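Step one of this worksheet: look at the structure below.
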Amino acid sequence: MDNVVLHVADVQKSFAGLHALSDIDLSVKEGETHAIIGPNGAGKSTLLNVCIGRLRPDSGHVVFDGENLTGKQPHEINQLGVVRVFQTPEIFPELSLLENVMIPVLAKRDGSFKLRWFRRFSAEKEIRQKSEGILEDLGLGSFIGSEAGSLSRGDKRRLELAMGLAQEPRLLLLDEPTAGMARHDTNATIDLLKRIKARGMTKVIIEHDMHVVFSLADRISVLAGGRIICQGTPEEVKADPRVKEAYLGEEQV
Ligand code: ADP
Ligand code: MG
């Protein structure tokens with residue numbers, strides 16, 4: 001298969017008899033931004049959790065860059081370059097922005113995070129400069145010494161994205177990156193994700209906001225009731241009556 005980075009093959013996942021995922025087949029190509037959309041409870045987060053090893057599929061498998069991820073631990077999958085930016089910001093609120101980004105930069109360099117290494121290397125110019133560069137790139141350069149906990153909600157998401165990028169992902173998985181953001185923060189995040197896309201990074205993005213999805217996605221998979229009901233380009237998905245039906249009572253597509 002040409003340039004397929006992520007391949008989800010015939011994945012099933014049930015929770016106590018509830019079919020959260022049924023017959024899921026999905027391929028993501030190198031450099032592609034693939035959006036997964038669908039109403040609440042459709043199975044989007046479950047699918048992402050299967051990809052990062054937080055959940056094990058009942059059957060089927062997930063292949064990343066030719067390697068079967070099924071049965072691997074989340075940290076092993078992460079070390080392969082699969083990075084998820086979580087639905088709830090996971091930052092260290094009492095540390096500065098710079099320290100928050102230095103931790104994954106250091107972990108990437110040394111293979112795993114150990115506090116004593118952090119102390120030993122924290123003054124190192126190279127790690128500091130790299131971390132500063134990432135923060136500046138994401139428009140957070142003027143806050144590097146501030147406590148992360150003091151940031152606005154939108155800026156916390158941006159910091160979390162910085163922490164994800166610090167891991168130099170080969171595949172970035174984003175779960176609702178603009179959830180809870182005001183429109184201007186959403187637009188800034190779209191611009192940011194477009195810039196990341198221009199660098200060729202492969203992304204899977206779960207998103208409820210259709211403006212975000214249609215601004216960024218090359219391809220879209222629509223989930224409903226744990227099944228993919230439609231897959232295609234944004235234009236194809238927009239035109240598909242099954243998608244409108246799945247969203248009835250939710251929001252306009
Ligand atoms: P989405 O992210 O699309 O809103 P989820 O993947 O979170 O949907 O959930 C899909 C379905 O699986 C829902 O019906 C949800 O209640 C159920 N579900 C998700 N996680 C669990 C779990 N850990 N235990 C039991 N049911 C779950
Ligand atoms: Mg979800």
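FYI, nothing fancy with the structure tokens labels: chains A, B, ... in order, residues from 1 per chain, ligands from 1 as they appear.
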
Taking only residues of chain A that have an atom at most 9 Å from an atom of ligand 2, what is each one's shortest atom pair and its distance in Å to one decimal, using only C-alpha atoms and all ligand atoms, in chain and number order, as CSV?
```
residue,atom,partner,partner_atom_place_in_ligand_line,distance
A:Asn40,CA,ligand 2,1 (Mg),6.9
A:Gly41,CA,ligand 2,1 (Mg),7.0
A:Ala42,CA,ligand 2,1 (Mg),8.1
A:Gly43,CA,ligand 2,1 (Mg),7.1
A:Lys44,CA,ligand 2,1 (Mg),5.5
A:Ser45,CA,ligand 2,1 (Mg),4.2
A:Thr46,CA,ligand 2,1 (Mg),7.3
A:Leu48,CA,ligand 2,1 (Mg),8.9
A:Gln87,CA,ligand 2,1 (Mg),7.7
A:Asp175,CA,ligand 2,1 (Mg),7.2
A:Glu176,CA,ligand 2,1 (Mg),7.8
A:Ile206,CA,ligand 2,1 (Mg),7.9
A:Glu207,CA,ligand 2,1 (Mg),8.9
```

Site check for ligand 1: residues at most 12 Å away, only C-alpha atoms and all ligand atoms, as a PyMOL selection string: chain A and resi 12-22+36-50+54-56+86-87+174-176+205-208+222-228

Report the residues of stretch 139-247 of chain A whose backbone DSSP state falls under helix (DSSP H, G or I), written as a PyMOL selection string. chain A and resi 141-143+148-150+153-165+183-198+210-216+234-239+241-246

I need the chosen residues saved as a PDB file, in the first residue's frame, with C-alpha atoms.
```
ATOM      1  CA  GLY A 141       7.042  33.076  23.247  1.00  0.00           C
ATOM      2  CA  SER A 142       6.082  35.963  25.496  1.00  0.00           C
ATOM      3  CA  PHE A 143       4.808  33.635  28.261  1.00  0.00           C
ATOM      4  CA  ALA A 148       1.198  27.110  32.926  1.00  0.00           C
ATOM      5  CA  GLY A 149      -1.793  27.078  35.280  1.00  0.00           C
ATOM      6  CA  SER A 150      -2.294  30.799  34.736  1.00  0.00           C
ATOM      7  CA  ARG A 153      -8.045  27.801  28.153  1.00  0.00           C
ATOM      8  CA  GLY A 154      -7.033  28.403  24.534  1.00  0.00           C
ATOM      9  CA  ASP A 155      -3.396  28.958  25.461  1.00  0.00           C
ATOM     10  CA  LYS A 156      -3.372  25.789  27.589  1.00  0.00           C
ATOM     11  CA  ARG A 157      -4.418  23.835  24.520  1.00  0.00           C
ATOM     12  CA  ARG A 158      -1.664  25.522  22.571  1.00  0.00           C
ATOM     13  CA  LEU A 159       0.836  24.568  25.281  1.00  0.00           C
ATOM     14  CA  GLU A 160      -0.368  20.999  25.135  1.00  0.00           C
ATOM     15  CA  LEU A 161       0.159  21.021  21.401  1.00  0.00           C
ATOM     16  CA  ALA A 162       3.683  22.381  22.014  1.00  0.00           C
ATOM     17  CA  MET A 163       4.309  19.459  24.397  1.00  0.00           C
ATOM     18  CA  GLY A 164       3.062  17.072  21.729  1.00  0.00           C
ATOM     19  CA  LEU A 165       5.269  18.603  19.023  1.00  0.00           C
ATOM     20  CA  ARG A 183     -13.911  31.627  17.795  1.00  0.00           C
ATOM     21  CA  HIS A 184     -10.705  33.689  17.546  1.00  0.00           C
ATOM     22  CA  ASP A 185      -8.740  30.985  19.418  1.00  0.00           C
ATOM     23  CA  THR A 186     -10.289  28.361  17.157  1.00  0.00           C
ATOM     24  CA  ASN A 187      -9.171  30.289  14.088  1.00  0.00           C
ATOM     25  CA  ALA A 188      -5.667  30.692  15.523  1.00  0.00           C
ATOM     26  CA  THR A 189      -5.556  26.925  16.147  1.00  0.00           C
ATOM     27  CA  ILE A 190      -6.693  26.217  12.575  1.00  0.00           C
ATOM     28  CA  ASP A 191      -3.838  28.424  11.291  1.00  0.00           C
ATOM     29  CA  LEU A 192      -1.418  26.604  13.554  1.00  0.00           C
ATOM     30  CA  LEU A 193      -2.555  23.164  12.422  1.00  0.00           C
ATOM     31  CA  LYS A 194      -2.313  24.317   8.806  1.00  0.00           C
ATOM     32  CA  ARG A 195       1.302  25.299   9.398  1.00  0.00           C
ATOM     33  CA  ILE A 196       2.053  21.910  10.949  1.00  0.00           C
ATOM     34  CA  LYS A 197       0.348  20.296   7.981  1.00  0.00           C
ATOM     35  CA  ALA A 198       2.524  22.279   5.577  1.00  0.00           C
ATOM     36  CA  MET A 210     -17.314  21.415  11.132  1.00  0.00           C
ATOM     37  CA  HIS A 211     -15.580  24.687  10.289  1.00  0.00           C
ATOM     38  CA  VAL A 212     -12.353  23.202  11.684  1.00  0.00           C
ATOM     39  CA  VAL A 213     -12.871  19.857   9.935  1.00  0.00           C
ATOM     40  CA  PHE A 214     -13.563  21.342   6.532  1.00  0.00           C
ATOM     41  CA  SER A 215     -10.660  23.808   6.883  1.00  0.00           C
ATOM     42  CA  LEU A 216      -8.104  21.104   7.612  1.00  0.00           C
ATOM     43  CA  PRO A 234     -14.709  16.839   2.511  1.00  0.00           C
ATOM     44  CA  GLU A 235     -16.811  17.447  -0.624  1.00  0.00           C
ATOM     45  CA  GLU A 236     -17.908  13.817  -0.819  1.00  0.00           C
ATOM     46  CA  VAL A 237     -18.795  13.721   2.862  1.00  0.00           C
ATOM     47  CA  LYS A 238     -20.715  16.999   2.691  1.00  0.00           C
ATOM     48  CA  ALA A 239     -22.808  15.662  -0.157  1.00  0.00           C
ATOM     49  CA  PRO A 241     -27.197  12.120   2.783  1.00  0.00           C
ATOM     50  CA  ARG A 242     -26.230   9.456   5.372  1.00  0.00           C
ATOM     51  CA  VAL A 243     -24.028  12.012   7.102  1.00  0.00           C
ATOM     52  CA  LYS A 244     -26.813  14.574   7.412  1.00  0.00           C
ATOM     53  CA  GLU A 245     -29.073  11.842   8.750  1.00  0.00           C
ATOM     54  CA  ALA A 246     -26.522  10.775  11.387  1.00  0.00           C
TER      55      ALA A 246
END
```

Give the strand (DSSP E or B) residues of stretch 131-249 of chain A, as assigned by DSSP on the backbone, as JSON, numbers by chain. {"A": [147, 171, 172, 173, 174, 175, 202, 203, 204, 205, 206, 219, 220, 221, 222, 223, 224, 227, 228, 229, 230, 231, 232]}

Output file for the selection above: C-alpha atoms, as a compact mmCIF listing (two decimals), in the first residue's frame:
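Result file selection-v2.txt:
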```txt
# COMPACT_ATOMS: atom_id res chain seq x y z
CA GLU A 147 3.09 29.38 35.27
CA LEU A 171 1.70 10.65 13.70
CA LEU A 172 -0.18 13.26 15.70
CA LEU A 173 -3.62 12.34 17.04
CA LEU A 174 -5.77 15.24 18.17
CA ASP A 175 -8.97 14.76 20.15
CA THR A 202 0.53 13.11 9.42
CA LYS A 203 -2.47 13.84 11.62
CA VAL A 204 -5.69 12.21 12.74
CA ILE A 205 -8.08 14.74 14.14
CA ILE A 206 -11.34 14.20 15.99
CA ARG A 219 -10.11 12.97 4.05
CA ILE A 220 -12.91 12.36 6.50
CA SER A 221 -14.31 9.21 8.10
CA VAL A 222 -17.79 9.59 9.56
CA LEU A 223 -18.59 7.36 12.53
CA ALA A 224 -22.09 6.67 13.78
CA ARG A 227 -19.51 2.08 12.36
CA ILE A 228 -17.92 4.08 9.56
CA ILE A 229 -20.92 5.19 7.53
CA CYS A 230 -19.04 7.32 5.03
CA GLN A 231 -15.44 7.97 4.06
CA GLY A 232 -14.10 10.42 1.52
```

Expressed in Å to a single decimal, how great is the separation between atom CA of A:Pro169 and atom CA of A:Thr33?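 It comes out at 13.7 Å.
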